[in-house]
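Okay, structure first, notes after.
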Amino acid sequence: MSDRAYRIPFVSTPANEAGWIPALQAAMPGERIVPLRELDAAELAACEVAIVANPSPEDLRRLPNLRWVHSVWAGVERLVADLADTDLRIVRLVDPQLAETMAEAVLAWTLYLHRDMPRYARQQQSRQWQPLEYVKPRDKTVGLLGLGALGEAAARRLLASGFRVEGWSRSPKSLAGVTTHAGAQGLATLLANTDILVCLLPLTAETRGLLDDAAFAQLRLGASLVNFARGAIVEDEALRRALDAGRVGHAVLDVFPVEPLPADSWHWTHPGVTVLPHISGPTDRVTASAIVAANLRSFRERGVIPPHVDRARGY
Ligand code: NAP
């Protein structure tokens with residue numbers, strides 16, 4: 001087989017190409033990772049797999065025999081929507097390093113809320129010397145929405161730091177040390193028990209707008225919210241109402257309905273909101289490329305397409 005037969009397209013934007021192609025190439029010295037535009041007509045026709053980062057659907061349509069795409073991101077809602085009229089398999093990034101990085105962020109911002117840092121910052125601004133009552137982590141419940149790759153790693157970190165942890169997933173799950181729930185009734189129970197709610201759900205038809213007025217009404221009064229998943233899972237105006245009414249004590253938001261967050265957005269100046277610029281779980285190109293390489297190798301050697309997104313579930 002000629003060297004050219006091993007060229008795998010990376011389908012994305014020029015900005016992403018600059019960072020990703022060298023990292024992917026270093027992880028796969030036996031392959032040639034190239035921008036889509038470098039493939040000739042025969043290669044476009046023969047191509048069965050592409051590595052993608054926010055690809056345009058038009059670009060993917062140039063590959064008539066494409067069977068699957070490997071995304072270098074963990075969240076795939078945009079790909080699922082863009083590829084709805086195709087039967088392409090979508091493989092997403094599942095990287096233990098990403099899970100650990102996200103778990104670190106969950107712990108960091110849980111501690112921020114647990115130790116009332118937003119309140120002490122406000123007190124400092126008004127020169128108020130006012131100690132607040134200390135509550136031990138074992139007397140606080142962190143409610144995790146989503147017990148997947150990221151939720152499980154977060155649960156382990158939180159348990160190791162002494163918090164009570166409850167978790168919610170679509171299908172019933174058993175996780176050592178975690179009180180688990182599933183279904184609508186399970187969500188209501190978890191919300192009623194939760195002091196700090198951490199969202200690590202995928203954005204799907206079922207989770208869009210999940211955290212609405214009704215959900216905030218079920219949440220323990222004054223509980224905090226950490227959204228590290230996707231902005232559209234939270235109904236933005238419902239959150240604003242819940243913050244203004246004191247139903248939600250504080251919200252740490254890393255993700256928003258529109259990103260970058262527009263300058264005139266209410267979140268920037270609301271005293272109950274901490275704005276983060278989508279940094280809770282950055283992808284590590286080196287570890288991610290090693291995962292992509294292993295998945296491509298198993299496809300090359302055994303024809304196996306790795307576990308892929310269930311289109312009906314949307315994740
Ligand atoms: P995952 O492994 O697919 O896990 C998803 C979890 O959510 C599973 O436990 C699943 O339940 C649960 N779930 C899905 N739909 C549900 C529903 N309708 N009701 C109840 N539970 C539901 O995903 P992951 O790798 O942990 O990633 C989660 C999300 O994090 C990604 O989709 C992405 O959007 C986001 N993310 C954000 C960043 C960032 O920097 N902010 C970085 C990476 C990822 P089952 O266990 O029953 O399947």
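Ordering of the structure tokens sets the chain letters (A, B, ...); residue numbers start at 1 within each chain; ligands are numbered from 1 in the order shown.
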Could you report the residues within 6 Å of ligand 1, using only C-alpha atoms and all ligand atoms, as a list in words?
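After applying the 6 Å limit, what remains is Ala74, Gly75, Gly146, Leu147, Gly148, Ala149, Leu150, Gly151, Trp168, Ser169, Arg170, Ser171, Leu200, Leu201, Pro202, Leu203, Glu206, Thr207, Phe228, Ala229, Arg230, Asp254, His278, Ile279, Ser280, Gly281, Pro282 and Tyr315 of chain A.
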Rows by chain and residue number, segment 209-308 of chain A within 12 Å of segment 7-21 of chain A, shortest pair, only C-alpha atoms, as JSON lines:
```
{"residue": "A:Thr283", "atom": "CA", "partner": "A:Trp20", "partner_atom": "CA", "distance": 10.9}
{"residue": "A:Asp284", "atom": "CA", "partner": "A:Trp20", "partner_atom": "CA", "distance": 10.3}
{"residue": "A:Arg285", "atom": "CA", "partner": "A:Trp20", "partner_atom": "CA", "distance": 6.8}
{"residue": "A:Val286", "atom": "CA", "partner": "A:Trp20", "partner_atom": "CA", "distance": 9.1}
{"residue": "A:Thr287", "atom": "CA", "partner": "A:Trp20", "partner_atom": "CA", "distance": 11.7}
{"residue": "A:Ala288", "atom": "CA", "partner": "A:Trp20", "partner_atom": "CA", "distance": 9.8}
{"residue": "A:Ser289", "atom": "CA", "partner": "A:Trp20", "partner_atom": "CA", "distance": 8.2}
{"residue": "A:Ala290", "atom": "CA", "partner": "A:Trp20", "partner_atom": "CA", "distance": 11.9}
{"residue": "A:Val292", "atom": "CA", "partner": "A:Trp20", "partner_atom": "CA", "distance": 11.5}
{"residue": "A:Ala293", "atom": "CA", "partner": "A:Ile8", "partner_atom": "CA", "distance": 11.3}
{"residue": "A:Leu296", "atom": "CA", "partner": "A:Ile8", "partner_atom": "CA", "distance": 9.9}
{"residue": "A:Arg300", "atom": "CA", "partner": "A:Ile8", "partner_atom": "CA", "distance": 11.7}
```
Write the selection just made, keeping C-alpha atoms, as a short mmCIF file (atom, residue, chain, number, x, y, z; two decimals), in the first residue's frame?
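What follows is the written file again34.cif:
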```cif
data_model
loop_
_atom_site.label_atom_id
_atom_site.label_comp_id
_atom_site.auth_asym_id
_atom_site.auth_seq_id
_atom_site.Cartn_x
_atom_site.Cartn_y
_atom_site.Cartn_z
CA THR A 283 -8.82 19.04 26.35
CA ASP A 284 -5.19 17.98 26.59
CA ARG A 285 -4.08 17.55 22.98
CA VAL A 286 -1.35 15.03 23.87
CA THR A 287 -3.51 12.62 25.89
CA ALA A 288 -6.49 13.13 23.56
CA SER A 289 -4.35 12.35 20.50
CA ALA A 290 -3.13 9.12 22.15
CA VAL A 292 -7.66 8.90 19.02
CA ALA A 293 -4.56 6.97 17.87
CA LEU A 296 -7.84 4.39 14.85
CA ARG A 300 -7.12 -0.38 11.05
#
```
Sel. of strand (DSSP E) residues, segment 113-159 of chain A, as a list in words
Thr141, Val142, Gly143, Leu144 and Leu145 of chain A
Once you have the residues from the selection above, write them out as a PDB file, in the first residue's frame, restricted to all heavy atoms.
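File written: part12.pdb
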```
ATOM      1  N   THR A 141     -24.320  18.111  51.027  1.00  0.00           N
ATOM      2  CA  THR A 141     -24.553  17.163  49.934  1.00  0.00           C
ATOM      3  C   THR A 141     -24.300  17.844  48.596  1.00  0.00           C
ATOM      4  O   THR A 141     -24.876  18.899  48.307  1.00  0.00           O
ATOM      5  CB  THR A 141     -25.999  16.637  49.976  1.00  0.00           C
ATOM      6  OG1 THR A 141     -26.172  15.953  51.216  1.00  0.00           O
ATOM      7  CG2 THR A 141     -26.276  15.689  48.820  1.00  0.00           C
ATOM      8  N   VAL A 142     -23.410  17.225  47.828  1.00  0.00           N
ATOM      9  CA  VAL A 142     -23.212  17.664  46.453  1.00  0.00           C
ATOM     10  C   VAL A 142     -24.067  16.760  45.570  1.00  0.00           C
ATOM     11  O   VAL A 142     -23.952  15.534  45.634  1.00  0.00           O
ATOM     12  CB  VAL A 142     -21.731  17.575  46.032  1.00  0.00           C
ATOM     13  CG1 VAL A 142     -21.559  18.073  44.596  1.00  0.00           C
ATOM     14  CG2 VAL A 142     -20.843  18.377  46.977  1.00  0.00           C
ATOM     15  N   GLY A 143     -24.928  17.359  44.788  1.00  0.00           N
ATOM     16  CA  GLY A 143     -25.778  16.600  43.861  1.00  0.00           C
ATOM     17  C   GLY A 143     -25.176  16.662  42.472  1.00  0.00           C
ATOM     18  O   GLY A 143     -25.025  17.746  41.907  1.00  0.00           O
ATOM     19  N   LEU A 144     -24.822  15.512  41.935  1.00  0.00           N
ATOM     20  CA  LEU A 144     -24.193  15.465  40.608  1.00  0.00           C
ATOM     21  C   LEU A 144     -25.230  15.079  39.568  1.00  0.00           C
ATOM     22  O   LEU A 144     -25.799  13.981  39.642  1.00  0.00           O
ATOM     23  CB  LEU A 144     -23.090  14.407  40.580  1.00  0.00           C
ATOM     24  CG  LEU A 144     -21.744  14.731  41.216  1.00  0.00           C
ATOM     25  CD1 LEU A 144     -20.857  13.482  41.165  1.00  0.00           C
ATOM     26  CD2 LEU A 144     -21.067  15.883  40.476  1.00  0.00           C
ATOM     27  N   LEU A 145     -25.463  15.939  38.606  1.00  0.00           N
ATOM     28  CA  LEU A 145     -26.336  15.588  37.477  1.00  0.00           C
ATOM     29  C   LEU A 145     -25.437  15.013  36.399  1.00  0.00           C
ATOM     30  O   LEU A 145     -24.603  15.713  35.831  1.00  0.00           O
ATOM     31  CB  LEU A 145     -27.053  16.840  36.962  1.00  0.00           C
ATOM     32  CG  LEU A 145     -27.972  17.533  37.971  1.00  0.00           C
ATOM     33  CD1 LEU A 145     -28.613  18.772  37.337  1.00  0.00           C
ATOM     34  CD2 LEU A 145     -29.036  16.584  38.488  1.00  0.00           C
TER      35      LEU A 145
END
```
With distances taken over only C-alpha atoms, which of A:Thr86, A:Thr189, A:Gln130, A:Asn227 is nearest to Asp116 of chain A?
A:Gln130
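Minimum distance to His267 of chain A across A:Leu239, A:Leu113, A:Leu132, A:Val72 (counting only C-alpha atoms) occurs at A:Leu239.
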Residues of segment 29-157 of chain A in helix (DSSP H, G or I) according to DSSP, as a PyMOL selection string?
chain A and resi 36-38+41-46+57-61+77-82+96-114+117-125+137-139+149-157
Grab the residues selected above and save them as a short mmCIF file (atom, residue, chain, number, x, y, z; two decimals), in the first residue's frame with C-alpha atoms.
```
data_model
loop_
_atom_site.label_atom_id
_atom_site.label_comp_id
_atom_site.auth_asym_id
_atom_site.auth_seq_id
_atom_site.Cartn_x
_atom_site.Cartn_y
_atom_site.Cartn_z
CA LEU A 36 -9.14 17.80 4.30
CA ARG A 37 -8.19 20.12 1.43
CA GLU A 38 -4.98 18.12 0.81
CA ALA A 41 -10.29 12.97 -5.57
CA ALA A 42 -9.30 9.30 -5.15
CA GLU A 43 -8.50 9.81 -1.47
CA LEU A 44 -11.75 11.68 -0.85
CA ALA A 45 -13.63 8.77 -2.43
CA ALA A 46 -11.75 6.10 -0.45
CA PRO A 57 -21.26 19.35 7.38
CA GLU A 58 -20.43 20.46 3.81
CA ASP A 59 -16.83 19.34 4.30
CA LEU A 60 -17.95 15.91 5.51
CA ARG A 61 -20.26 15.56 2.51
CA GLU A 77 -24.50 17.91 20.53
CA ARG A 78 -23.49 20.03 17.55
CA LEU A 79 -22.24 17.02 15.55
CA VAL A 80 -25.38 15.06 16.40
CA ALA A 81 -27.52 17.94 15.08
CA ASP A 82 -25.37 18.63 12.02
CA PRO A 96 -9.30 9.87 31.70
CA GLN A 97 -7.08 12.97 31.77
CA LEU A 98 -10.06 15.15 30.84
CA ALA A 99 -12.12 13.47 33.55
CA GLU A 100 -9.41 14.19 36.14
CA THR A 101 -9.07 17.82 35.00
CA MET A 102 -12.83 18.26 35.23
CA ALA A 103 -12.94 16.53 38.62
CA GLU A 104 -10.31 18.99 39.87
CA ALA A 105 -12.48 21.90 38.69
CA VAL A 106 -15.57 20.40 40.33
CA LEU A 107 -13.68 20.06 43.60
CA ALA A 108 -12.17 23.57 43.35
CA TRP A 109 -15.50 25.33 42.76
CA THR A 110 -17.34 23.12 45.23
CA LEU A 111 -14.85 24.22 47.89
CA TYR A 112 -15.30 27.85 46.77
CA LEU A 113 -19.02 27.53 47.48
CA HIS A 114 -18.64 25.30 50.53
CA MET A 117 -15.98 32.60 49.29
CA PRO A 118 -18.45 34.65 47.21
CA ARG A 119 -20.04 35.90 50.44
CA TYR A 120 -16.70 36.80 52.08
CA ALA A 121 -15.71 38.66 48.90
CA ARG A 122 -18.92 40.69 49.10
CA GLN A 123 -18.38 41.33 52.82
CA GLN A 124 -14.88 42.62 52.11
CA GLN A 125 -16.26 45.11 49.60
CA PRO A 137 -18.26 18.69 54.24
CA ARG A 138 -19.85 15.56 55.66
CA ASP A 139 -22.88 17.71 56.47
CA ALA A 149 -17.03 9.62 32.43
CA LEU A 150 -16.85 13.08 34.04
CA GLY A 151 -19.46 12.63 36.76
CA GLU A 152 -17.87 9.46 38.10
CA ALA A 153 -14.42 11.04 38.38
CA ALA A 154 -15.95 14.10 40.09
CA ALA A 155 -17.80 11.87 42.56
CA ARG A 156 -14.55 10.14 43.56
CA ARG A 157 -12.82 13.48 44.24
#
```
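Considering the residues A:Gln218, A:Asn65, A:Ser224, A:Ser56 and counting only C-alpha atoms, Val273 of chain A has its shortest atom-to-atom contact with A:Ser224.
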Atomic separation - atom CA of Val52 of chain A relative to atom CA of Val76 of chain A, Å:
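We find that atom CA of Val76 of chain A and atom CA of Val52 of chain A lie 10.8 Å from each other.
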Can you tell me which residues surround Pro307 of chain A at a distance of at most 12 Å, considering only C-alpha atoms, apart from same-chain residues fewer than 5 positions away, and format the answer as an NGL selection string?
:A and (68-70 or 89-94 or 295 or 298-299 or 315)
For Thr179 of chain A, find every residue with an atom within 7 Å (counting only C-alpha atoms), except residues of its own chain fewer than 2 positions away, and show them as a list in words.
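Skipping anything fewer than 2 positions along the chain leaves Val165, Glu166, Gly167, Gly177 and His181 of chain A.
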One decimal, Å: what's the distance from atom CA of Pro260 of chain A over to atom CA of Leu210 of chain A, could you say?
22.1 Å
